[in-house]
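Peer 1: Just so it is clear, I am handing over work-v6.txt, which has compact mmCIF, C-alpha atoms.
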# COMPACT_ATOMS: atom_id res chain seq x y z
CA LEU S 1 22.17 159.07 20.62
CA VAL S 2 22.57 159.72 16.90
CA ILE S 3 19.42 159.04 14.84
CA GLY S 4 20.01 157.62 11.35
CA GLY S 5 22.14 155.02 9.65
CA GLY S 6 23.96 156.61 6.71
CA GLY S 7 27.37 158.08 5.99
CA ARG S 8 26.46 161.41 7.59
CA GLU S 9 25.48 159.63 10.80
CA HIS S 10 28.70 157.60 10.79
CA ALA S 11 30.63 160.89 10.54
CA LEU S 12 28.60 162.40 13.41
CA CYS S 13 29.31 159.34 15.60
CA TYR S 14 33.00 159.67 14.75
CA GLY S 15 32.95 163.36 15.70
CA LEU S 16 31.02 162.77 18.94
CA GLN S 17 33.09 159.87 20.21
CA ARG S 18 36.21 162.06 19.83
CA ALA S 19 34.58 164.76 22.03
CA ALA S 20 36.05 164.93 25.53
CA SER S 21 32.67 165.77 27.10
CA CYS S 22 30.99 162.67 25.66
CA ASP S 23 31.05 159.34 27.56
CA GLY S 24 29.57 157.15 24.90
CA VAL S 25 27.67 157.19 21.63
CA PHE S 26 24.65 155.15 20.52
CA CYS S 27 23.38 155.17 16.94
CA ALA S 28 19.90 154.03 15.86
CA PRO S 29 19.54 152.16 13.64
CA GLY S 30 23.21 152.75 12.70
CA ASN S 31 25.00 150.43 10.31
CA ILE S 32 27.55 147.63 10.38
CA GLY S 33 30.50 149.91 9.54
CA ILE S 34 29.78 152.17 12.51
CA SER S 35 29.82 149.09 14.80
CA ILE S 36 32.98 147.59 13.31
CA ALA S 37 34.85 150.91 13.54
CA GLY S 38 33.81 151.25 17.18
CA ASP S 39 32.46 154.74 16.52
CA ALA S 40 29.15 153.96 18.29
CA THR S 41 27.04 151.18 19.76
CA CYS S 42 24.36 150.55 17.13
CA ILE S 43 20.78 149.90 18.25
CA ALA S 44 19.42 148.30 15.09
CA ASP S 45 16.02 147.40 16.52
CA LEU S 46 15.06 150.84 17.89
CA ASP S 47 12.23 152.19 15.73
CA VAL S 48 13.23 155.83 15.21
CA SER S 49 9.82 156.72 13.78
CA ASP S 50 8.29 155.82 17.16
CA SER S 51 8.94 158.79 19.49
CA VAL S 52 7.71 156.90 22.56
CA ALA S 53 10.27 154.13 21.96
CA VAL S 54 13.09 156.66 21.41
CA ILE S 55 12.15 158.56 24.59
CA SER S 56 12.05 155.42 26.74
CA PHE S 57 15.44 154.31 25.34
CA CYS S 58 16.91 157.73 26.23
CA LYS S 59 15.54 157.57 29.76
CA ARG S 60 16.73 154.02 30.30
CA TRP S 61 20.28 154.77 29.15
CA GLU S 62 20.44 158.34 30.51
CA VAL S 63 21.04 159.86 27.10
CA GLY S 64 21.95 163.54 27.57
CA LEU S 65 21.79 164.57 23.90
CA VAL S 66 20.00 163.29 20.81
CA VAL S 67 21.35 164.31 17.39
CA VAL S 68 18.92 163.76 14.51
CA GLY S 69 20.73 163.12 11.21
CA PRO S 70 18.17 162.66 8.39
CA GLU S 71 15.38 165.01 7.31
CA ALA S 72 12.37 162.64 7.54
CA PRO S 73 12.29 162.30 11.39
CA LEU S 74 12.81 166.08 11.68
CA VAL S 75 9.84 166.85 9.44
CA ALA S 76 7.84 164.20 11.35
CA GLY S 77 8.48 166.09 14.62
CA LEU S 78 10.83 163.78 16.53
CA VAL S 79 12.65 166.77 18.05
CA ASP S 80 9.35 168.30 19.29
CA ASP S 81 8.52 165.06 21.11
CA LEU S 82 11.99 164.71 22.68
CA VAL S 83 12.09 168.32 23.86
CA GLU S 84 8.63 167.96 25.37
CA ALA S 85 9.92 164.92 27.29
CA GLY S 86 12.81 167.03 28.62
CA ILE S 87 15.53 165.40 26.47
CA PRO S 88 17.92 167.82 24.73
CA ALA S 89 17.61 167.18 20.98
CA PHE S 90 19.71 168.81 18.27
CA GLY S 91 17.68 169.61 15.16
CA PRO S 92 14.74 171.80 14.20
CA SER S 93 11.12 171.39 15.25
CA ALA S 94 8.66 170.09 12.64
CA SER S 95 7.43 173.62 11.91
CA ALA S 96 10.99 174.96 11.50
CA ALA S 97 11.94 171.96 9.31
CA ALA S 98 9.47 173.28 6.71
CA LEU S 99 12.43 175.34 5.42
CA GLU S 100 13.48 172.07 3.78
CA GLY S 101 10.21 170.13 3.88
CA SER S 102 8.42 172.62 1.63
CA LYS S 103 10.15 174.47 -1.22
CA SER S 104 7.22 176.90 -1.56
CA PHE S 105 7.35 177.72 2.19
CA MET S 106 11.06 178.48 1.82
CA LYS S 107 10.57 180.69 -1.27
CA ASP S 108 7.68 182.62 0.29
CA PHE S 109 9.76 183.06 3.45
CA CYS S 110 12.70 184.46 1.41
CA ASP S 111 10.29 186.83 -0.30
CA LYS S 112 8.93 188.10 3.00
CA TYR S 113 12.31 188.58 4.68
CA LYS S 114 14.15 189.89 1.57
CA ILE S 115 16.60 186.98 1.35
CA PRO S 116 18.26 186.83 -2.10
CA THR S 117 17.06 183.80 -4.11
CA ALA S 118 16.07 182.87 -7.68
CA LYS S 119 12.75 184.31 -8.86
CA TYR S 120 10.01 181.69 -8.84
CA ARG S 121 6.36 180.69 -8.90
CA SER S 122 4.52 177.72 -7.32
CA PHE S 123 1.98 175.60 -9.22
CA THR S 124 -0.43 172.71 -8.70
CA ASP S 125 -1.95 173.03 -12.21
CA PRO S 126 0.22 171.53 -14.99
CA SER S 127 -1.04 173.74 -17.81
CA ALA S 128 -0.48 176.95 -15.81
CA ALA S 129 3.05 175.74 -15.01
CA LYS S 130 3.77 175.03 -18.70
CA HIS S 131 2.40 178.43 -19.72
CA TYR S 132 4.73 180.15 -17.23
CA ILE S 133 7.68 178.05 -18.46
CA SER S 134 7.02 178.99 -22.09
CA GLU S 135 6.95 182.70 -21.10
CA GLN S 136 10.19 182.45 -19.10
CA GLY S 137 12.10 180.30 -21.60
CA VAL S 138 14.91 177.84 -20.87
CA PRO S 139 17.14 176.94 -19.10
CA ILE S 140 14.71 176.73 -16.19
CA VAL S 141 14.46 174.72 -12.97
CA VAL S 142 11.48 172.55 -11.93
CA LYS S 143 11.34 171.33 -8.31
CA ALA S 144 8.99 169.12 -6.33
CA ASP S 145 7.66 171.04 -3.33
CA GLY S 146 8.13 168.24 -0.78
CA LEU S 147 10.91 165.86 0.29
CA ALA S 148 11.97 163.69 -2.65
CA ALA S 149 15.31 162.33 -1.34
CA GLY S 150 17.39 164.44 -3.70
CA LYS S 151 15.43 163.29 -6.78
CA GLY S 152 12.99 166.20 -7.00
CA VAL S 153 14.93 168.73 -9.09
CA THR S 154 15.17 169.01 -12.89
CA VAL S 155 17.41 171.60 -14.53
CA ALA S 156 15.72 171.72 -17.94
CA MET S 157 17.75 172.85 -20.95
CA SER S 158 14.83 172.46 -23.39
CA LEU S 159 11.10 173.20 -23.15
CA GLU S 160 10.33 169.49 -23.79
CA GLU S 161 12.46 168.52 -20.80
CA ALA S 162 10.74 171.13 -18.58
CA TYR S 163 7.23 170.04 -19.67
CA GLU S 164 8.18 166.41 -19.08
CA ALA S 165 9.29 167.25 -15.50
CA VAL S 166 5.95 169.01 -14.89
CA ASP S 167 4.04 165.96 -16.19
CA THR S 168 6.15 163.50 -14.19
CA MET S 169 5.40 165.34 -10.95
CA LEU S 170 1.91 166.79 -11.41
CA VAL S 171 0.23 164.42 -13.87
CA GLN S 172 1.85 160.99 -13.33
CA GLY S 173 2.48 161.68 -9.63
CA ALA S 174 5.86 159.91 -9.86
CA LEU S 175 7.07 161.51 -6.62
CA GLY S 176 3.82 160.96 -4.71
CA SER S 177 2.69 163.72 -2.41
CA ALA S 178 6.14 165.41 -2.56
CA GLY S 179 5.38 166.38 -6.17
CA GLY S 180 1.72 167.38 -5.73
CA LYS S 181 2.89 170.98 -5.84
CA ILE S 182 5.89 172.27 -7.79
CA VAL S 183 8.11 175.34 -7.80
CA VAL S 184 9.38 176.68 -11.13
CA GLU S 185 12.35 178.98 -10.78
CA GLU S 186 14.91 180.88 -12.84
CA PHE S 187 18.18 179.16 -13.68
CA LEU S 188 21.11 180.84 -11.92
CA ASP S 189 24.51 180.73 -13.60
CA GLY S 190 27.55 180.53 -11.36
CA GLU S 191 29.39 178.23 -8.98
CA GLU S 192 27.62 176.34 -6.22
CA ALA S 193 28.82 176.18 -2.63
CA SER S 194 27.48 174.59 0.54
CA PHE S 195 27.44 176.86 3.57
CA PHE S 196 26.79 175.52 7.06
CA ALA S 197 25.83 177.43 10.18
CA ILE S 198 24.87 176.14 13.61
CA VAL S 199 21.87 177.93 15.14
CA ASP S 200 20.39 178.03 18.67
CA GLY S 201 17.21 179.99 17.92
CA HIS S 202 18.88 183.40 18.22
CA THR S 203 22.60 183.13 17.53
CA ALA S 204 24.27 181.54 14.49
CA LEU S 205 27.91 180.50 14.10
CA PRO S 206 29.39 179.71 10.69
CA LEU S 207 30.97 176.26 10.27
CA ALA S 208 33.62 175.43 7.66
CA SER S 209 32.53 175.58 4.01
CA ALA S 210 32.32 172.60 1.67
CA GLN S 211 31.56 171.85 -1.95
CA ASP S 212 29.51 168.88 -3.09
CA HIS S 213 29.46 167.05 -6.45
CA LYS S 214 25.85 166.20 -7.25
CA ARG S 215 26.08 164.74 -10.77
CA VAL S 216 26.83 161.07 -11.20
CA GLY S 217 29.52 161.34 -13.90
CA ASP S 218 33.02 162.79 -14.25
CA GLY S 219 33.02 166.40 -15.43
CA ASP S 220 29.65 166.96 -13.70
CA ILE S 221 27.51 165.14 -16.26
CA GLY S 222 24.55 162.76 -15.95
CA PRO S 223 21.66 162.73 -13.48
CA ASN S 224 21.73 164.37 -10.06
CA THR S 225 22.45 162.09 -7.10
CA GLY S 226 22.48 162.50 -3.34
CA GLY S 227 26.16 163.49 -3.73
CA MET S 228 29.16 161.64 -5.22
CA GLY S 229 31.85 163.41 -3.22
CA ALA S 230 32.77 166.64 -1.48
CA TYR S 231 35.67 168.64 -0.15
CA SER S 232 36.26 171.27 2.52
CA PRO S 233 37.05 174.12 2.58
CA ALA S 234 35.48 175.47 -0.63
CA PRO S 235 38.17 177.86 -1.95
CA MET S 236 35.58 180.34 -3.18
CA VAL S 237 34.06 180.87 0.28
CA ASP S 238 36.57 183.38 1.66
CA SER S 239 36.02 185.52 4.77
CA ARG S 240 34.36 188.29 2.71
CA LEU S 241 31.85 185.87 1.21
CA GLU S 242 31.29 184.21 4.60
CA SER S 243 30.28 187.48 6.24
CA LEU S 244 28.10 188.39 3.24
CA VAL S 245 26.26 185.05 3.51
CA MET S 246 25.85 185.42 7.28
CA ASP S 247 24.51 189.00 6.97
CA THR S 248 22.21 188.60 3.94
CA ILE S 249 21.01 184.98 4.25
CA ILE S 250 21.67 183.14 7.54
CA LEU S 251 20.98 185.84 10.16
CA PRO S 252 17.82 187.20 8.44
CA THR S 253 16.57 183.58 8.35
CA VAL S 254 17.21 183.01 12.06
CA LYS S 255 15.50 186.31 12.91
CA GLY S 256 12.61 185.67 10.50
CA MET S 257 11.96 182.16 11.82
CA ALA S 258 11.83 183.51 15.40
CA GLU S 259 9.35 186.18 14.25
CA GLU S 260 7.25 183.47 12.59
CA GLY S 261 7.00 181.78 15.98
CA CYS S 262 9.07 178.73 15.03
CA LYS S 263 12.57 179.52 16.19
CA TYR S 264 15.23 177.52 14.48
CA VAL S 265 17.62 175.21 16.34
CA GLY S 266 20.03 172.95 14.47
CA ILE S 267 22.20 173.04 11.39
CA LEU S 268 21.17 175.43 8.67
CA TYR S 269 22.70 174.24 5.43
CA ALA S 270 22.39 176.84 2.69
CA GLY S 271 22.89 175.63 -0.87
CA LEU S 272 24.24 178.74 -2.56
CA MET S 273 24.82 179.91 -6.10
CA ILE S 274 27.51 182.54 -6.38
CA ASP S 275 26.28 184.61 -9.32
CA LYS S 276 28.79 184.59 -12.19
CA LYS S 277 28.22 188.25 -13.10
CA THR S 278 27.81 189.96 -9.72
CA GLY S 279 29.55 187.60 -7.27
CA ILE S 280 26.45 187.91 -5.06
CA PRO S 281 25.44 184.74 -3.17
CA LYS S 282 21.84 183.64 -3.74
CA LEU S 283 20.03 180.92 -1.83
CA LEU S 284 19.16 177.87 -3.95
CA GLU S 285 17.69 175.82 -1.12
CA TYR S 286 17.88 175.17 2.58
CA ASN S 287 18.57 171.82 4.18
CA VAL S 288 17.80 171.52 7.87
CA ARG S 289 20.60 169.08 8.66
CA PHE S 290 24.22 168.31 7.83
CA GLY S 291 24.73 167.47 4.18
CA ASP S 292 25.80 164.00 3.12
CA PRO S 293 28.69 163.65 2.07
CA GLU S 294 29.68 167.15 3.27
CA CYS S 295 29.34 166.10 6.92
CA GLN S 296 32.10 163.52 6.37
CA VAL S 297 34.69 166.16 5.37
CA LEU S 298 33.55 168.60 8.06
CA MET S 299 33.92 165.98 10.82
CA MET S 300 37.41 165.04 9.56
CA ARG S 301 38.45 168.69 9.98
CA PHE S 302 36.56 169.62 13.19
CA GLU S 303 38.81 169.90 16.25
CA SER S 304 36.55 171.42 18.95
CA ASP S 305 34.28 169.40 21.26
CA LEU S 306 31.30 168.46 19.07
CA ALA S 307 29.03 167.26 21.91
CA LYS S 308 29.58 170.50 23.84
CA LEU S 309 28.82 172.59 20.74
CA LEU S 310 25.58 170.76 19.85
CA LEU S 311 24.39 170.82 23.46
CA ALA S 312 25.05 174.59 23.67
CA ALA S 313 22.86 175.04 20.58
CA CYS S 314 20.05 173.01 22.20
CA LYS S 315 20.23 175.21 25.31
CA GLY S 316 20.37 178.53 23.43
CA GLU S 317 23.93 179.15 24.64
CA LEU S 318 25.96 179.49 21.43
CA LYS S 319 26.94 183.06 22.38
CA ASP S 320 29.14 181.53 25.13
CA ILE S 321 31.06 179.28 22.71
CA GLU S 322 34.61 180.45 21.97
CA GLY S 323 35.82 180.22 18.35
CA LEU S 324 35.50 176.81 16.72
CA LYS S 325 38.72 174.99 15.83
CA TRP S 326 39.28 173.34 12.43
CA THR S 327 42.41 171.71 11.09
CA LYS S 328 43.99 173.80 8.31
CA ASP S 329 44.35 170.60 6.29
CA PRO S 330 41.65 170.24 3.64
CA ALA S 331 39.56 167.06 3.52
CA LEU S 332 38.06 165.28 0.52
CA VAL S 333 35.55 162.41 0.33
CA VAL S 334 34.95 160.08 -2.62
CA VAL S 335 31.63 158.23 -2.56
CA LEU S 336 31.67 154.61 -3.73
CA ALA S 337 28.26 153.70 -5.10
CA SER S 338 26.59 150.55 -6.45
CA SER S 339 26.74 150.21 -10.24
CA GLY S 340 23.53 151.57 -11.73
CA TYR S 341 23.01 154.25 -9.05
CA PRO S 342 21.06 156.63 -9.09
CA GLY S 343 18.89 154.20 -11.12
CA ASN S 344 18.35 150.54 -10.23
CA TYR S 345 21.27 148.71 -8.67
CA LYS S 346 22.03 145.23 -7.40
CA LYS S 347 22.08 144.59 -3.63
CA GLY S 348 24.21 142.16 -1.66
CA THR S 349 27.44 142.49 -3.67
CA LEU S 350 30.67 141.68 -1.83
CA ILE S 351 33.15 144.37 -0.68
CA LYS S 352 36.68 143.45 0.41
CA ASN S 353 39.88 145.12 1.71
CA LEU S 354 38.23 147.93 3.70
CA ASP S 355 40.68 147.68 6.61
CA GLU S 356 43.58 147.57 4.17
CA ALA S 357 42.26 150.70 2.45
CA GLU S 358 42.26 152.62 5.74
CA ALA S 359 45.68 151.32 6.70
CA ALA S 360 47.31 151.84 3.28
CA VAL S 361 47.36 155.64 3.39
CA ARG S 362 47.84 158.12 6.22
CA GLY S 363 44.93 160.42 7.10
CA VAL S 364 42.19 158.18 5.66
CA LYS S 365 38.85 157.21 7.22
CA VAL S 366 36.18 155.08 5.52
CA PHE S 367 32.64 156.07 6.47
CA HIS S 368 29.90 153.49 5.88
CA ALA S 369 26.53 154.41 4.40
CA GLY S 370 24.92 151.39 2.75
CA THR S 371 26.69 148.30 4.07
CA ASP S 372 25.65 145.15 5.93
CA VAL S 373 27.10 141.69 6.61
CA ASP S 374 26.04 138.47 4.90
CA SER S 375 25.56 135.10 6.63
CA ASP S 376 29.33 134.42 6.38
CA GLY S 377 30.20 137.72 8.05
CA HIS S 378 31.46 139.38 4.86
CA ILE S 379 30.67 143.04 4.21
CA VAL S 380 28.14 143.57 1.41
CA ALA S 381 26.57 146.60 -0.27
CA VAL S 382 22.87 147.17 0.45
CA GLY S 383 22.41 150.79 -0.69
CA GLY S 384 22.98 153.14 -3.60
CA ARG S 385 25.69 155.23 -1.98
CA VAL S 386 27.69 152.74 0.04
CA LEU S 387 31.03 154.11 1.30
CA GLY S 388 32.64 157.52 1.79
CA VAL S 389 36.41 157.23 1.49
CA THR S 390 37.68 160.38 3.19
CA ALA S 391 41.19 161.81 3.46
CA LEU S 392 43.01 164.77 4.93
CA GLY S 393 46.05 166.29 3.19
CA LYS S 394 48.32 169.31 3.54
CA ASP S 395 46.58 170.73 0.47
CA ILE S 396 43.57 169.70 -1.62
CA ALA S 397 45.72 167.87 -4.18
CA GLU S 398 47.25 165.66 -1.47
CA ALA S 399 43.83 164.98 0.08
CA GLN S 400 42.50 164.00 -3.36
CA ASN S 401 45.51 161.80 -4.05
CA ARG S 402 45.24 159.99 -0.68
CA ALA S 403 41.49 159.41 -1.04
CA TYR S 404 41.89 157.81 -4.49
CA GLN S 405 44.87 155.74 -3.33
CA ALA S 406 42.62 154.29 -0.62
CA VAL S 407 39.72 153.85 -3.08
CA ASP S 408 42.01 151.77 -5.30
CA VAL S 409 42.76 149.37 -2.43
CA VAL S 410 39.04 148.61 -1.93
CA SER S 411 38.01 145.51 -3.89
CA TRP S 412 34.42 145.90 -5.07
CA PRO S 413 33.81 144.97 -8.73
CA ASP S 414 30.13 146.00 -8.48
CA GLY S 415 30.90 149.52 -7.29
CA PHE S 416 31.94 152.71 -9.03
CA CYS S 417 33.00 156.25 -8.18
CA ARG S 418 33.76 159.52 -9.87
CA ARG S 419 37.48 159.96 -10.53
CA ASP S 420 37.49 163.77 -10.47
CA ILE S 421 36.16 164.79 -7.04
CA GLY S 422 37.67 168.15 -6.09
CA TRP S 423 38.70 169.00 -9.68
CA ARG S 424 37.80 172.70 -9.40
CA ALA S 425 39.81 173.19 -6.22
CA VAL S 426 42.76 171.17 -7.52
CA ALA S 427 42.78 173.19 -10.76
CA ARG S 428 42.68 176.41 -8.74
CA LEU S 429 45.62 175.27 -6.64
CA ALA S 430 47.66 174.34 -9.74
CA GLU S 431 46.87 177.73 -11.29
CA ALA S 432 47.95 179.57 -8.13
CA ARG S 433 51.21 177.61 -8.01
CA HIS S 434 51.83 178.36 -11.68
CA ARG S 435 51.36 182.10 -11.03
CA HIS S 436 53.86 182.04 -8.15
CA ARG S 437 56.62 180.43 -10.22
For this file, write the structure as structure tokens.
Peer 2:
Amino acid sequence: LVIGGGGREHALCYGLQRAASCDGVFCAPGNIGISIAGDATCIADLDVSDSVAVISFCKRWEVGLVVVGPEAPLVAGLVDDLVEAGIPAFGPSASAAALEGSKSFMKDFCDKYKIPTAKYRSFTDPSAAKHYISEQGVPIVVKADGLAAGKGVTVAMSLEEAYEAVDTMLVQGALGSAGGKIVVEEFLDGEEASFFAIVDGHTALPLASAQDHKRVGDGDIGPNTGGMGAYSPAPMVDSRLESLVMDTIILPTVKGMAEEGCKYVGILYAGLMIDKKTGIPKLLEYNVRFGDPECQVLMMRFESDLAKLLLAACKGELKDIEGLKWTKDPALVVVLASSGYPGNYKKGTLIKNLDEAEAAVRGVKVFHAGTDVDSDGHIVAVGGRVLGVTALGKDIAEAQNRAYQAVDVVSWPDGFCRRDIGWRAVARLAEARHRHR
């Protein structure tokens, strides 16, 4: 049973139903695209915030593994309740999910266990925060302490912008309780990468790397979003960097969490900044789940048995897992979003030609995030980020080309996407080819 109903959960269903050890996949609440694709049986009326209902569903249908996609049920303790009922659940306990649920918890934890991160201070008093900002100077980063669905971070280039972010969170309370406390941290200059590891409480295995595009506009401009596209692997995460990240960030975290009495089971997703000057990876933030849309490209490339892997993590048996298999082919996902996103957008707009888009180009899969059907059975958009058009290719340029070919077959006048997803990796490839001539 996969918990959630977005693009990440569609990708997890797709990965699980391809696993030889898995008989069938349910998804709650799921979405219409997951049903249509046959990637899972969606249980739209199961209330995933009600642990008792989830447990009785699992017992009735003999569910042998629950995979929790989004952060909210993790922070609310769904995994704790399932484990107590004897149902294997993949994801961290509520106390371990504080690595994402509270920015100040994460920063204090890094401090204690000597994990490299940006220097910071936490505040609940707006004038103290502004005083600190004026001492530090700009650029500077202001973050809401709690979960703010990807909207809680401001990278301020001017003092006015930084003060405004402080006021929005602490004075106006625009983010509710998530912004009742803030973290102000130094701006790190470099290239971002997403690093994923799977953890069973003691052992951690690295997964493939990915890179996400957070800004809404081409050339990485405009407001931050939940993610407008991603690709895997991230060319900058080579084997040297991978072992550095494992040794300095991931493994000390796993050990530290066990020492804190809340051992970590699940995906540890480290948002990294690779420092421009030193090449040293620093931790920007932890997510306690697969990223979205990074999960989509990881699942396109994953070739081992996903159900077996996640179950081994639940049972503390990752040390017995032989090397994970990934296709060498890179994958790239372009997110199609409703016009106006990440601000206000219209709901219920018609989307056509989705089957044709998948059929038009080899190696393409369309993951659904914010879709539904109208009374005539047509697919309509009901979310901000609506589709993840994902493609494999022999190199990143081919994957990019295939994804955009498929995007262009989709007929959705009220949608938009970035046209430059993967630009860094494609530029790197072109440069490498040029050097070899």
Peer 1: For stretch 210-215 of chain S, list every protein, DNA or RNA residue within 7 Å, evaluated using all atoms listed in the file, and leave out those in the same chain fewer than 2 positions away; present the list as number ranges by chain.
Peer 2: S: 193-195, 208, 217, 220-234, 294
Peer 1: Quick check, in Å to one decimal: how far apart do atom CA of S:Glu164 and atom CA of S:Gly340 lie?
Peer 2: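 Value for the atom CA of S:Glu164-atom CA of S:Gly340 distance: 22.6 Å.
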Peer 1: Could you give me, as a PDB file with C-alpha atoms, in the frame of the given file, the residues that sit within 10 Å of (37.8, 145.9, 7.8) in the file's coordinates, counting only C-alpha atoms?
Peer 2:
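That gives us point19.pdb:
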ATOM      1  CA  GLY S  33      30.500 149.910   9.540  1.00  0.00           C
ATOM      2  CA  ILE S  36      32.980 147.590  13.310  1.00  0.00           C
ATOM      3  CA  ALA S  37      34.850 150.910  13.540  1.00  0.00           C
ATOM      4  CA  ILE S 351      33.150 144.370  -0.680  1.00  0.00           C
ATOM      5  CA  LYS S 352      36.680 143.450   0.410  1.00  0.00           C
ATOM      6  CA  ASN S 353      39.880 145.120   1.710  1.00  0.00           C
ATOM      7  CA  LEU S 354      38.230 147.930   3.700  1.00  0.00           C
ATOM      8  CA  ASP S 355      40.680 147.680   6.610  1.00  0.00           C
ATOM      9  CA  GLU S 356      43.580 147.570   4.170  1.00  0.00           C
ATOM     10  CA  ALA S 357      42.260 150.700   2.450  1.00  0.00           C
ATOM     11  CA  GLU S 358      42.260 152.620   5.740  1.00  0.00           C
ATOM     12  CA  ALA S 359      45.680 151.320   6.700  1.00  0.00           C
ATOM     13  CA  VAL S 366      36.180 155.080   5.520  1.00  0.00           C
ATOM     14  CA  HIS S 378      31.460 139.380   4.860  1.00  0.00           C
ATOM     15  CA  ILE S 379      30.670 143.040   4.210  1.00  0.00           C
TER      16      ILE S 379
END
Peer 1: Tell me which of S:Met236, S:Ala427, S:Ile321, S:Val48 sits closest to S:Thr203, counting all atoms listed in the file.
Peer 2: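 Comparing S:Met236, S:Ala427, S:Ile321, S:Val48 against S:Thr203, the winner is S:Ile321.
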Peer 1: Please, what distance in Å, to one decimal, runs between atom CA of S:Glu100 and atom CA of S:Gly173?
Peer 2: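 Distance reported for this atom pair: 20.2 Å.
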Peer 1: Can you list, as a JSON list (two decimals) with C-alpha atoms, in the frame of the given file, every protein, DNA or RNA residue that comes within 9 Å of S:Met169 when you count only C-alpha atoms, leaving out same-chain residues fewer than 2 positions away?
Peer 2:
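As written to disk, out_29.json reads:
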[["chain", "number", "residue", "atom", "x", "y", "z"],
["S", 143, "LYS", "CA", 11.34, 171.33, -8.31],
["S", 144, "ALA", "CA", 8.99, 169.12, -6.33],
["S", 152, "GLY", "CA", 12.99, 166.20, -7.00],
["S", 164, "GLU", "CA", 8.18, 166.41, -19.08],
["S", 165, "ALA", "CA", 9.29, 167.25, -15.50],
["S", 166, "VAL", "CA", 5.95, 169.01, -14.89],
["S", 167, "ASP", "CA", 4.04, 165.96, -16.19],
["S", 171, "VAL", "CA", 0.23, 164.42, -13.87],
["S", 172, "GLN", "CA", 1.85, 160.99, -13.33],
["S", 173, "GLY", "CA", 2.48, 161.68, -9.63],
["S", 174, "ALA", "CA", 5.86, 159.91, -9.86],
["S", 175, "LEU", "CA", 7.07, 161.51, -6.62],
["S", 176, "GLY", "CA", 3.82, 160.96, -4.71],
["S", 178, "ALA", "CA", 6.14, 165.41, -2.56],
["S", 179, "GLY", "CA", 5.38, 166.38, -6.17],
["S", 180, "GLY", "CA", 1.72, 167.38, -5.73],
["S", 181, "LYS", "CA", 2.89, 170.98, -5.84],
["S", 182, "ILE", "CA", 5.89, 172.27, -7.79]]
Peer 1: Atom CA of S:Val373 to atom CA of S:Phe57: how many Å, to one decimal?
Peer 2: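 Taking atom CA of S:Val373 as the start and atom CA of S:Phe57 as the end point, the length is 25.4 Å.
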Peer 1: Need to verify the contact set: S:Val155, 8 Å, all atoms listed in the file, exclusion of same-chain residues closer than 5 positions in sequence. Can you return it as a short mmCIF file (atom, residue, chain, number, x, y, z; two decimals) with C-alpha atoms, keeping the file's coordinate frame?
Peer 2:
data_model
loop_
_atom_site.label_atom_id
_atom_site.label_comp_id
_atom_site.auth_asym_id
_atom_site.auth_seq_id
_atom_site.Cartn_x
_atom_site.Cartn_y
_atom_site.Cartn_z
CA PRO S 139 17.14 176.94 -19.10
CA ILE S 140 14.71 176.73 -16.19
CA VAL S 141 14.46 174.72 -12.97
CA VAL S 142 11.48 172.55 -11.93
CA ALA S 162 10.74 171.13 -18.58
CA PHE S 187 18.18 179.16 -13.68
#
Peer 1: Find the spatial neighbours of S:Asp80, counting only C-alpha atoms, within a cut-off of 10 Å - ignore same-chain residues fewer than 2 positions away - and output them as a PyMOL selection string.
Peer 2: chain S and resi 51+74-78+82-85+87+89+91-95
Peer 1: List as a PDB file with C-alpha atoms, in the coordinates of the input the residues having at least one atom at most 10 Å from position (12.2, 185.3, -16.8) as given in the file, counting only C-alpha atoms.
Peer 2:
ATOM      1  CA  LYS S 119      12.750 184.310  -8.860  1.00  0.00           C
ATOM      2  CA  TYR S 120      10.010 181.690  -8.840  1.00  0.00           C
ATOM      3  CA  TYR S 132       4.730 180.150 -17.230  1.00  0.00           C
ATOM      4  CA  ILE S 133       7.680 178.050 -18.460  1.00  0.00           C
ATOM      5  CA  SER S 134       7.020 178.990 -22.090  1.00  0.00           C
ATOM      6  CA  GLU S 135       6.950 182.700 -21.100  1.00  0.00           C
ATOM      7  CA  GLN S 136      10.190 182.450 -19.100  1.00  0.00           C
ATOM      8  CA  GLY S 137      12.100 180.300 -21.600  1.00  0.00           C
ATOM      9  CA  VAL S 138      14.910 177.840 -20.870  1.00  0.00           C
ATOM     10  CA  PRO S 139      17.140 176.940 -19.100  1.00  0.00           C
ATOM     11  CA  ILE S 140      14.710 176.730 -16.190  1.00  0.00           C
ATOM     12  CA  GLU S 185      12.350 178.980 -10.780  1.00  0.00           C
ATOM     13  CA  GLU S 186      14.910 180.880 -12.840  1.00  0.00           C
ATOM     14  CA  PHE S 187      18.180 179.160 -13.680  1.00  0.00           C
TER      15      PHE S 187
END
Peer 1: Looking at S:Lys282, S:Val63, S:Val426, S:Val386, which one is nearest to S:Pro342, with distances taken over only C-alpha atoms?
Peer 2: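 Residue with the minimum atom-to-atom distance to S:Pro342: S:Val386.
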Peer 1: Do you know which residues are at most 6 Å from stretch 391-407 of chain S counting only C-alpha atoms, after dropping those on the same chain fewer than 5 positions away, and could you put them as a list in words?
Peer 2: Asp329, Pro330, Ala331, Leu332, Ala357, Gly363, Val364 and Val426 of chain S
Peer 1: So, with all atoms listed in the file as the atoms that count, which of S:Pro293, S:Ser127, S:Trp412, S:Asp189 lies closest to S:Tyr163?
Peer 2: S:Ser127
Peer 1: Ranking S:Asp247, S:Asp81, S:Glu285, S:Asp39 by minimum distance to S:Ala204 and counting only C-alpha atoms, which one comes first?
Peer 2: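 Looking at the shortest contact to S:Ala204, the residue is S:Asp247.
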Peer 1: Could you write stretch 382-386 of chain S of the block just shown to a file containing C-alpha atoms, as a short mmCIF file (atom, residue, chain, number, x, y, z; two decimals), in the first residue's frame?
Peer 2:
data_model
loop_
_atom_site.label_atom_id
_atom_site.label_comp_id
_atom_site.auth_asym_id
_atom_site.auth_seq_id
_atom_site.Cartn_x
_atom_site.Cartn_y
_atom_site.Cartn_z
CA VAL S 382 -6.85 19.87 -10.36
CA GLY S 383 -3.42 20.77 -8.93
CA GLY S 384 -0.49 23.13 -9.35
CA ARG S 385 2.00 20.54 -10.57
CA VAL S 386 -0.06 18.22 -12.73
#
